[in-house]
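This is input.cif (mmCIF, C-alpha atoms).
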```
data_coords
#
loop_
_atom_site.label_atom_id
_atom_site.label_comp_id
_atom_site.auth_asym_id
_atom_site.auth_seq_id
_atom_site.Cartn_x
_atom_site.Cartn_y
_atom_site.Cartn_z
CA MET A 1 13.77 0.00 10.35
CA LEU A 2 11.09 1.84 8.37
CA THR A 3 8.37 0.34 10.58
CA LYS A 4 10.18 1.44 13.75
CA ILE A 5 10.48 4.99 12.39
CA TRP A 6 7.11 5.30 10.65
CA VAL A 7 4.77 3.83 13.27
CA PRO A 8 5.81 6.08 16.21
CA LEU A 9 5.83 9.12 13.92
CA ALA A 10 2.35 8.35 12.56
CA LEU A 11 1.07 7.64 16.08
CA GLY A 12 2.48 10.95 17.30
CA ILE A 13 0.78 12.85 14.46
CA VAL A 14 -2.55 11.16 15.23
CA LEU A 15 -2.29 12.00 18.94
CA LEU A 16 -1.31 15.61 18.21
CA SER A 17 -4.16 15.99 15.73
CA SER A 18 -6.59 14.50 18.23
CA ALA A 19 -5.48 16.91 20.93
CA LEU A 20 -5.67 19.99 18.69
CA ASN A 21 -9.02 19.09 17.10
CA PHE A 22 -10.78 17.41 20.03
CA ARG A 23 -13.34 20.16 20.54
CA GLU A 24 -14.08 20.42 16.84
CA TRP A 25 -14.55 16.64 16.61
CA ILE A 26 -16.99 16.73 19.54
CA ALA A 27 -18.93 19.53 17.82
CA ARG A 28 -19.00 17.63 14.53
CA LYS A 29 -20.13 14.49 16.33
CA LYS A 30 -23.10 16.38 17.76
CA VAL A 31 -23.94 17.72 14.30
CA ILE A 32 -23.85 14.21 12.81
CA ILE A 33 -26.02 12.78 15.59
CA THR A 34 -28.51 15.62 15.18
CA TYR A 35 -28.60 15.09 11.40
CA ILE A 36 -29.27 11.36 11.82
CA LYS A 37 -32.10 12.01 14.27
CA GLU A 38 -33.75 14.66 12.11
CA HIS A 39 -33.19 13.00 8.73
CA LYS A 40 -33.29 9.27 9.37
CA LEU A 41 -34.28 8.32 5.81
CA SER A 42 -31.52 10.41 4.20
CA ALA A 43 -28.95 9.05 6.65
CA PHE A 44 -30.09 5.49 5.94
CA ILE A 45 -29.76 5.98 2.17
CA LEU A 46 -26.26 7.44 2.55
CA VAL A 47 -25.13 4.56 4.75
CA LEU A 48 -26.70 2.13 2.28
CA LEU A 49 -24.83 3.66 -0.66
CA ILE A 50 -21.50 3.49 1.16
CA GLY A 51 -22.31 -0.08 2.19
CA LEU A 52 -22.93 -1.03 -1.46
CA TYR A 53 -19.56 0.53 -2.34
CA VAL A 54 -17.87 -1.58 0.33
CA ILE A 55 -19.56 -4.81 -0.77
CA SER A 56 -18.78 -4.15 -4.44
CA VAL A 57 -15.13 -3.35 -3.84
CA SER A 58 -14.77 -6.45 -1.68
CA ILE A 59 -15.94 -8.75 -4.48
CA PHE A 60 -14.65 -6.98 -7.62
CA TYR A 61 -11.26 -8.09 -8.92
CA ASN A 62 -8.80 -7.01 -11.57
CA PHE A 63 -6.61 -9.78 -12.97
CA THR A 64 -4.10 -7.74 -14.99
CA LEU A 65 -0.39 -8.09 -14.29
CA ASP A 66 -0.22 -4.39 -13.47
CA ALA A 67 -2.86 -4.79 -10.79
CA ALA A 68 -1.25 -7.93 -9.38
CA TYR A 69 2.17 -6.26 -9.16
CA TYR A 70 1.19 -3.94 -6.33
CA VAL A 71 -0.21 -6.65 -4.07
CA ALA A 72 2.74 -8.92 -4.86
CA ASN A 73 5.17 -6.10 -4.11
CA VAL A 74 3.67 -5.62 -0.64
CA ALA A 75 3.90 -9.35 0.11
CA THR A 76 7.48 -9.55 -1.23
CA SER A 77 8.59 -6.51 0.78
CA VAL A 78 7.16 -7.97 3.99
CA GLU A 79 8.62 -11.44 3.46
CA THR A 80 12.11 -10.23 2.42
CA ASP A 81 12.19 -7.21 4.77
CA MET A 82 13.41 -5.09 1.85
CA MET A 83 11.86 -2.35 -0.29
CA ASN A 84 11.66 -2.70 -4.07
CA VAL A 85 14.75 -4.93 -4.18
CA TYR A 86 13.23 -8.22 -5.37
CA ASP A 87 11.04 -8.59 -8.44
CA PRO A 88 7.68 -9.71 -6.96
CA PHE A 89 6.89 -11.83 -10.06
CA THR A 90 10.18 -13.75 -10.40
CA GLY A 91 11.91 -13.32 -7.04
CA ALA A 92 15.07 -12.13 -8.81
CA TRP A 93 17.26 -9.48 -7.17
CA GLN A 94 16.84 -6.26 -9.17
CA ASP A 95 20.06 -4.54 -10.15
CA HIS A 96 18.73 -1.02 -9.60
CA TYR A 97 15.67 0.81 -8.33
CA GLU A 98 13.02 1.56 -10.93
CA MET A 99 12.16 5.22 -10.39
CA ARG A 100 8.55 4.69 -11.43
CA TYR A 101 8.04 2.50 -8.36
CA PHE A 102 10.70 4.04 -6.15
CA PHE A 103 8.53 7.12 -5.56
CA ALA A 104 5.27 5.15 -5.51
CA THR A 105 5.45 4.49 -1.79
CA TYR A 106 1.84 3.39 -1.31
CA GLN A 107 2.90 -0.27 -1.39
CA MET A 108 5.62 0.37 1.18
CA GLN A 109 3.10 2.00 3.49
CA ASP A 110 0.93 -1.10 3.16
CA ALA A 111 3.96 -3.29 3.82
CA VAL A 112 4.73 -1.37 7.03
CA VAL A 113 1.20 -1.87 8.34
CA CYS A 114 1.25 -5.55 7.37
CA GLN A 115 4.56 -6.04 9.16
CA PHE A 116 3.41 -4.12 12.24
CA THR A 117 0.01 -5.82 12.57
CA GLY A 118 0.78 -9.25 11.11
CA ILE A 119 -2.15 -8.99 8.68
CA PRO A 120 -1.47 -10.89 5.41
CA ALA A 121 -0.72 -8.58 2.49
CA LEU A 122 -3.51 -9.90 0.27
CA ILE A 123 -6.18 -9.37 2.93
CA TYR A 124 -4.94 -5.93 3.93
CA THR A 125 -4.44 -4.49 0.46
CA LYS A 126 -7.52 -5.87 -1.30
CA THR A 127 -9.95 -5.65 1.60
CA ILE A 128 -9.03 -3.48 4.57
CA MET A 129 -7.21 -0.67 2.76
CA SER A 130 -9.60 -0.73 -0.18
CA ILE A 131 -12.59 -0.29 2.13
CA THR A 132 -10.77 2.49 3.98
CA ILE A 133 -10.21 4.39 0.72
CA ILE A 134 -13.86 3.95 -0.23
CA ILE A 135 -15.05 5.38 3.10
CA LEU A 136 -12.60 8.32 2.99
CA THR A 137 -13.57 9.15 -0.60
CA ASN A 138 -17.26 9.20 0.28
CA MET A 139 -16.52 11.43 3.28
CA VAL A 140 -14.95 13.95 0.89
CA TYR A 141 -18.03 13.69 -1.34
CA LEU A 142 -20.16 14.60 1.68
CA LEU A 143 -17.89 17.54 2.54
CA ILE A 144 -18.29 18.86 -1.01
CA ALA A 145 -22.06 18.42 -0.82
CA GLY A 146 -22.07 20.33 2.46
CA GLU A 147 -20.30 23.25 0.81
CA LEU A 148 -22.42 23.24 -2.35
CA PHE A 149 -25.77 23.10 -0.55
CA LYS A 150 -25.02 24.86 2.75
CA ASP A 151 -27.21 27.89 1.93
CA SER A 152 -29.99 26.06 0.07
CA ASP A 153 -33.30 24.57 1.18
CA LYS A 154 -33.72 20.79 1.58
CA LYS A 155 -29.98 20.32 1.42
CA GLU A 156 -30.26 16.79 2.84
CA ILE A 157 -32.34 15.71 -0.21
CA LYS A 158 -29.90 17.36 -2.61
CA THR A 159 -27.02 15.64 -0.83
CA VAL A 160 -28.65 12.24 -1.25
CA ILE A 161 -29.32 12.92 -4.95
CA MET A 162 -25.72 14.01 -5.50
CA MET A 163 -24.32 10.94 -3.69
CA ALA A 164 -26.66 8.66 -5.65
CA MET A 165 -25.56 10.17 -8.98
CA ILE A 166 -21.89 9.78 -8.03
CA PHE A 167 -22.63 6.18 -7.08
CA VAL A 168 -24.16 5.50 -10.49
CA VAL A 169 -21.16 7.08 -12.24
CA ASN A 170 -18.65 5.02 -10.24
CA MET A 171 -20.61 1.83 -10.83
CA THR A 172 -21.11 2.24 -14.58
CA PHE A 173 -18.12 4.20 -15.90
CA ILE A 174 -15.77 1.25 -15.56
CA THR A 175 -13.31 1.83 -18.39
CA ILE A 176 -9.56 2.17 -18.22
CA TYR A 177 -9.85 5.89 -18.91
CA THR A 178 -11.82 6.82 -15.75
CA SER A 179 -11.02 7.11 -12.08
CA SER A 180 -14.10 4.96 -11.38
CA LEU A 181 -12.23 1.88 -12.61
CA PHE A 182 -9.46 2.39 -10.09
CA LEU A 183 -11.88 3.21 -7.30
CA MET A 184 -14.03 0.11 -7.78
CA THR A 185 -11.64 -2.58 -9.05
CA ARG A 186 -8.09 -1.38 -8.28
CA THR A 187 -8.63 0.43 -5.01
CA TYR A 188 -5.41 -1.05 -3.61
CA GLU A 189 -3.27 0.99 -6.06
CA GLY A 190 -1.83 4.43 -5.45
CA LYS A 191 -3.49 5.75 -8.61
CA ALA A 192 -6.89 5.03 -7.03
CA ILE A 193 -6.01 7.33 -4.13
CA ILE A 194 -4.73 10.07 -6.42
CA GLY A 195 -7.59 9.90 -8.92
CA ASN A 196 -10.36 9.77 -6.34
CA LEU A 197 -9.25 10.92 -2.91
CA ALA A 198 -6.46 13.45 -3.60
CA LEU A 199 -7.95 15.18 -6.66
CA VAL A 200 -11.42 15.35 -5.11
CA SER A 201 -9.97 16.72 -1.86
CA LEU A 202 -8.21 19.46 -3.82
CA PHE A 203 -11.53 20.32 -5.43
CA TYR A 204 -13.09 20.57 -1.96
CA PHE A 205 -10.41 23.02 -0.81
CA PHE A 206 -10.90 25.01 -4.00
CA ILE A 207 -14.61 25.39 -3.19
CA ARG A 208 -13.75 26.49 0.34
CA MET A 209 -11.10 28.98 -0.79
CA ASN A 210 -13.32 30.35 -3.54
CA ASP A 211 -15.70 31.57 -0.81
CA ASP A 212 -15.10 35.29 -0.32
CA ASN A 213 -16.17 35.02 3.32
CA LEU A 214 -13.45 32.51 4.13
CA LYS A 215 -10.52 34.27 5.75
CA LEU A 216 -8.41 31.16 6.20
CA ARG A 217 -6.42 30.12 3.14
CA PRO A 218 -5.31 26.56 4.00
CA TRP A 219 -2.22 26.44 1.80
CA ILE A 220 -0.29 24.44 4.40
CA ILE A 221 -2.89 21.67 4.33
CA ILE A 222 -2.97 21.76 0.53
CA PHE A 223 0.84 21.54 0.40
CA ILE A 224 0.79 18.47 2.65
CA LEU A 225 -1.83 16.95 0.36
CA CYS A 226 0.21 17.72 -2.77
CA PHE A 227 3.51 16.52 -1.32
CA GLY A 228 1.90 13.37 0.08
CA SER A 229 0.27 12.66 -3.29
CA ALA A 230 3.62 12.96 -5.06
CA THR A 231 5.11 10.34 -2.74
CA ILE A 232 2.16 7.93 -3.06
CA SER A 233 2.00 7.57 -6.84
CA SER A 234 4.02 8.95 -9.73
CA SER A 235 0.73 9.70 -11.50
CA ALA A 236 0.27 12.60 -9.09
CA ASN A 237 3.34 14.34 -10.51
CA MET A 238 1.28 15.32 -13.56
CA LEU A 239 -2.28 15.34 -12.26
CA ILE A 240 -1.82 17.45 -9.11
CA PRO A 241 0.04 20.40 -10.74
CA VAL A 242 -2.48 20.38 -13.61
CA GLU A 243 -5.47 20.50 -11.27
CA LEU A 244 -3.84 23.20 -9.15
CA THR A 245 -3.23 25.30 -12.25
CA ILE A 246 -6.72 24.79 -13.71
CA LEU A 247 -8.55 25.58 -10.47
CA PHE A 248 -6.46 27.83 -8.26
CA LEU A 249 -4.54 30.00 -10.71
CA PRO A 250 -7.68 31.49 -12.37
CA MET A 251 -9.17 32.01 -8.90
CA ILE A 252 -6.07 33.88 -7.74
CA ILE A 253 -5.98 36.06 -10.86
CA GLY A 254 -9.74 36.64 -11.01
CA LYS A 255 -10.06 37.61 -7.35
CA LYS A 256 -6.65 39.34 -7.32
CA GLN A 257 -5.52 37.28 -4.35
CA TRP A 258 -1.84 37.85 -5.06
CA LYS A 259 -0.88 36.81 -1.53
CA SER A 260 -2.01 33.29 -2.42
CA LEU A 261 0.34 33.05 -5.42
CA PRO A 262 3.37 31.83 -3.37
CA GLY A 263 1.15 29.13 -1.85
CA TYR A 264 0.14 27.92 -5.30
CA VAL A 265 3.77 27.85 -6.49
CA LEU A 266 4.88 25.97 -3.37
CA CYS A 267 2.19 23.32 -3.88
CA VAL A 268 3.17 22.78 -7.53
CA ILE A 269 6.87 22.26 -6.71
CA PRO A 270 6.70 18.65 -5.32
CA GLY A 271 5.08 17.23 -8.45
CA LEU A 272 7.40 19.12 -10.79
CA ALA A 273 10.48 18.14 -8.78
CA PHE A 274 9.60 14.43 -8.80
CA SER A 275 8.81 14.64 -12.53
CA LEU A 276 12.22 16.19 -13.20
CA ILE A 277 13.97 13.45 -11.21
CA TYR A 278 12.11 10.78 -13.17
CA ILE A 279 12.97 12.41 -16.53
CA LEU A 280 16.66 12.58 -15.57
CA TYR A 281 16.53 8.88 -14.64
CA VAL A 282 14.85 7.90 -17.94
CA LYS A 283 17.44 9.92 -19.89
CA GLY A 284 20.20 8.01 -18.11
CA TYR A 285 21.72 10.82 -16.06
CA PHE A 286 21.78 8.71 -12.89
CA VAL A 287 20.96 5.23 -11.57
CA TRP A 288 20.37 4.15 -7.96
CA TYR A 289 21.66 0.61 -7.52
CA THR A 290 20.25 -1.77 -4.93
CA PHE A 291 23.76 -2.63 -3.72
CA PRO A 292 27.15 -0.84 -3.65
CA LYS A 293 29.11 -0.84 -6.91
#
```
The structure in this file should be written as structure tokens.
Amino acid sequence: MLTKIWVPLALGIVLLSSALNFREWIARKKVIITYIKEHKLSAFILVLLIGLYVISVSIFYNFTLDAAYYVANVATSVETDMMNVYDPFTGAWQDHYEMRYFFATYQMQDAVVCQFTGIPALIYTKTIMSITIIILTNMVYLLIAGELFKDSDKKEIKTVIMMAMIFVVNMTFITIYTSSLFLMTRTYEGKAIIGNLALVSLFYFFIRMNDDNLKLRPWIIIFILCFGSATISSSANMLIPVELTILFLPMIIGKKQWKSLPGYVLCVIPGLAFSLIYILYVKGYFVWYTFPK
């Protein structure tokens, strides 16, 4: 049922986005082609770095039970045609939904794609989706570089240096306390998306909005990002509101952009709301059973 609802809806959004942004995409395509022709060496290095990311992620593994749970949950959901009902380690029917995983819908999104395409869960989660996250994350890096160096000389060289330094950080800072660990070895988890793609994307929008010449304040896009993050991983319920407060609130106060204050508040609400629901569940105020009682 979820696949029948989700796939047409996602397809409709993609088609609508394509129609509304077709001209902009054509313009960006011309810019990219021009950049490659004029800066072949820089373009080659950037492609090489992303290629090394892809190769590394494809061969790195994490053997912890926590890491295995997410892949096993996708496979179990596809095979049983149920969501978060069976324990993926034991196969036992779970009495109630665990709120920590109930709102972490990243595995269910993977399960939908696996069911729709017929791709095995292990291949899709640990290879296809992991590579997709790597490419998207590097695209956001490039967007940030474009904003930071747009008015400077030799910006293509600075972009390459920045991307190379980020590459070194992600390759060497592999400890449990960094987002690099999740990006390189646990890319198939929702926390990897939150820690690398969502948080970095928010930082990109902050740079854009901090520009005094920018008239557009994309709070709607930021809200979609914040709400989507809250439904992908429960880790976002803390991280997203904190980043919003650290970055955007001082900007609003410092620049006296009081019209942006409602947008900030609206974007913080999803994370706080999901956190409140989880706290109420932990304190025993409610339980959602997997079958009628």
Show which residues sit within 12 Å of Leu276 in chain A, as an mmCIF file with C-alpha atoms, keeping the file's coordinate frame. Count only C-alpha atoms, and ignore same-chain residues fewer than 4 positions away.
```cif
data_model
loop_
_atom_site.group_PDB
_atom_site.id
_atom_site.type_symbol
_atom_site.label_atom_id
_atom_site.label_comp_id
_atom_site.auth_asym_id
_atom_site.auth_seq_id
_atom_site.Cartn_x
_atom_site.Cartn_y
_atom_site.Cartn_z
ATOM 1 C CA MET A 99 12.160 5.220 -10.390
ATOM 2 C CA SER A 234 4.020 8.950 -9.730
ATOM 3 C CA ASN A 237 3.340 14.340 -10.510
ATOM 4 C CA MET A 238 1.280 15.320 -13.560
ATOM 5 C CA ILE A 269 6.870 22.260 -6.710
ATOM 6 C CA PRO A 270 6.700 18.650 -5.320
ATOM 7 C CA GLY A 271 5.080 17.230 -8.450
ATOM 8 C CA LEU A 272 7.400 19.120 -10.790
ATOM 9 C CA LEU A 280 16.660 12.580 -15.570
ATOM 10 C CA TYR A 281 16.530 8.880 -14.640
ATOM 11 C CA VAL A 282 14.850 7.900 -17.940
ATOM 12 C CA LYS A 283 17.440 9.920 -19.890
ATOM 13 C CA TYR A 285 21.720 10.820 -16.060
#
```
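Minimum distance to Val112 in chain A across A:Ile133, A:Ile246, A:Met82, A:Ile222 (counting all atoms listed in the file) occurs at A:Met82.
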Name the residues captured by the PyMOL selection byres ((chain A and resi 191) around 9) when it is applied to the shown file; answer as a JSON list (two decimals) with C-alpha atoms, keeping the file's coordinate frame.
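What follows is the written file selection_12.json:
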```json
[["chain", "number", "residue", "atom", "x", "y", "z"],
["A", 179, "SER", "CA", -11.02, 7.11, -12.08],
["A", 182, "PHE", "CA", -9.46, 2.39, -10.09],
["A", 183, "LEU", "CA", -11.88, 3.21, -7.30],
["A", 186, "ARG", "CA", -8.09, -1.38, -8.28],
["A", 187, "THR", "CA", -8.63, 0.43, -5.01],
["A", 188, "TYR", "CA", -5.41, -1.05, -3.61],
["A", 189, "GLU", "CA", -3.27, 0.99, -6.06],
["A", 190, "GLY", "CA", -1.83, 4.43, -5.45],
["A", 192, "ALA", "CA", -6.89, 5.03, -7.03],
["A", 193, "ILE", "CA", -6.01, 7.33, -4.13],
["A", 194, "ILE", "CA", -4.73, 10.07, -6.42],
["A", 195, "GLY", "CA", -7.59, 9.90, -8.92],
["A", 196, "ASN", "CA", -10.36, 9.77, -6.34],
["A", 232, "ILE", "CA", 2.16, 7.93, -3.06],
["A", 233, "SER", "CA", 2.00, 7.57, -6.84],
["A", 234, "SER", "CA", 4.02, 8.95, -9.73],
["A", 235, "SER", "CA", 0.73, 9.70, -11.50],
["A", 236, "ALA", "CA", 0.27, 12.60, -9.09]]
```
task = Tell me which of A:Leu16, A:Ala92, A:Val242, A:Cys226 sits closest to Cys267 in chain A, counting all atoms listed in the file.
result =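 So, comparing all the options, the nearest one is A:Cys226.
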inquiry  = Need the shell around Thr185 in chain A: protein/DNA/RNA residues with any atom at most 10 Å away, counting only C-alpha atoms. Skip same-chain ones fewer than 2 positions apart. Format as number ranges by chain?
reply    = A: 56-63, 67, 126, 130, 174, 180-183, 187-189, 192
Q: Could you tell me which of A:Ser42, A:Val85, A:Gln107, A:Ala121 comes closest to Lys158 in chain A if we count only C-alpha atoms?
A: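 Among A:Ser42, A:Val85, A:Gln107, A:Ala121, it is A:Ser42 that comes nearest to Lys158 in chain A.
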- Query: Could you state the separation of CA of Gln94 in chain A and CA of Thr290 in chain A in Å, given to one decimal place?
  - Reply: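 Result for CA of Gln94 in chain A versus CA of Thr290 in chain A: 7.1 Å, one decimal.
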Exercise. Kindly give the distance, in Å, that separates CA of Leu249 in chain A and CA of Ala273 in chain A, rounded to a single decimal.
Key: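 CA of Ala273 in chain A lies 19.2 Å from CA of Leu249 in chain A.
Matched in the shown structure by the PyMOL selection byres ((chain A and resi 163) around 8): Leu46, Leu49, Tyr141, Leu142, Thr159, Val160, Ile161, Met162, Ala164, Met165, Ile166 and Phe167 of chain A.
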Worksheet entry | Residues selected by the PyMOL selection byres ((chain A and resi 84) around 8), written as JSON, numbers by chain | {"A": [73, 77, 82, 83, 85, 86, 87, 97, 101, 102]}
re CA of Ile123 in chain A and CA of Ile50 in chain A: distance 20.1 Å
Of A:Tyr204, A:Tyr278, A:Leu199, A:Val113, the one sitting nearest Lys4 in chain A when using only C-alpha atoms is A:Val113
### Message
Calculated over all atoms listed in the file, which of the candidates A:Leu2, A:Ile240, A:Ala27, A:Ile279 has the smallest distance to Arg100 in chain A?
### Response
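Ranking A:Leu2, A:Ile240, A:Ala27, A:Ile279 by distance to Arg100 in chain A, first place goes to A:Ile279.
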Inset, instruction - Would you be able to write out as number ranges by chain which residues have an atom within 12 Å of (3.3, 31.7, -2.0) in the file's coordinates, counting only C-alpha atoms? - result: A: 217-220, 223, 249, 252, 257-269
Using all atoms listed in the file, the shortest atom-to-atom distance to Gln115 in chain A among A:Val78, A:Met209, A:Ile134, A:Val140 belongs to A:Val78
Practice prompt. Around the point (-12.2, 22.2, -1.4), in the coordinates given by the file, pick out the residues reaching within 12 Å, counting all atoms listed in the file, and return them as an MDAnalysis selection string.
Written response: chainID A and resid 140:148 197:211 214 217:219 221:222 225 244 247:248
Skipping near chain neighbours, those fewer than 6 positions away, what residues fall within 7 Å of Thr231 in chain A using only C-alpha atoms, listed as a ChimeraX atom specification?
-> /A:103-105
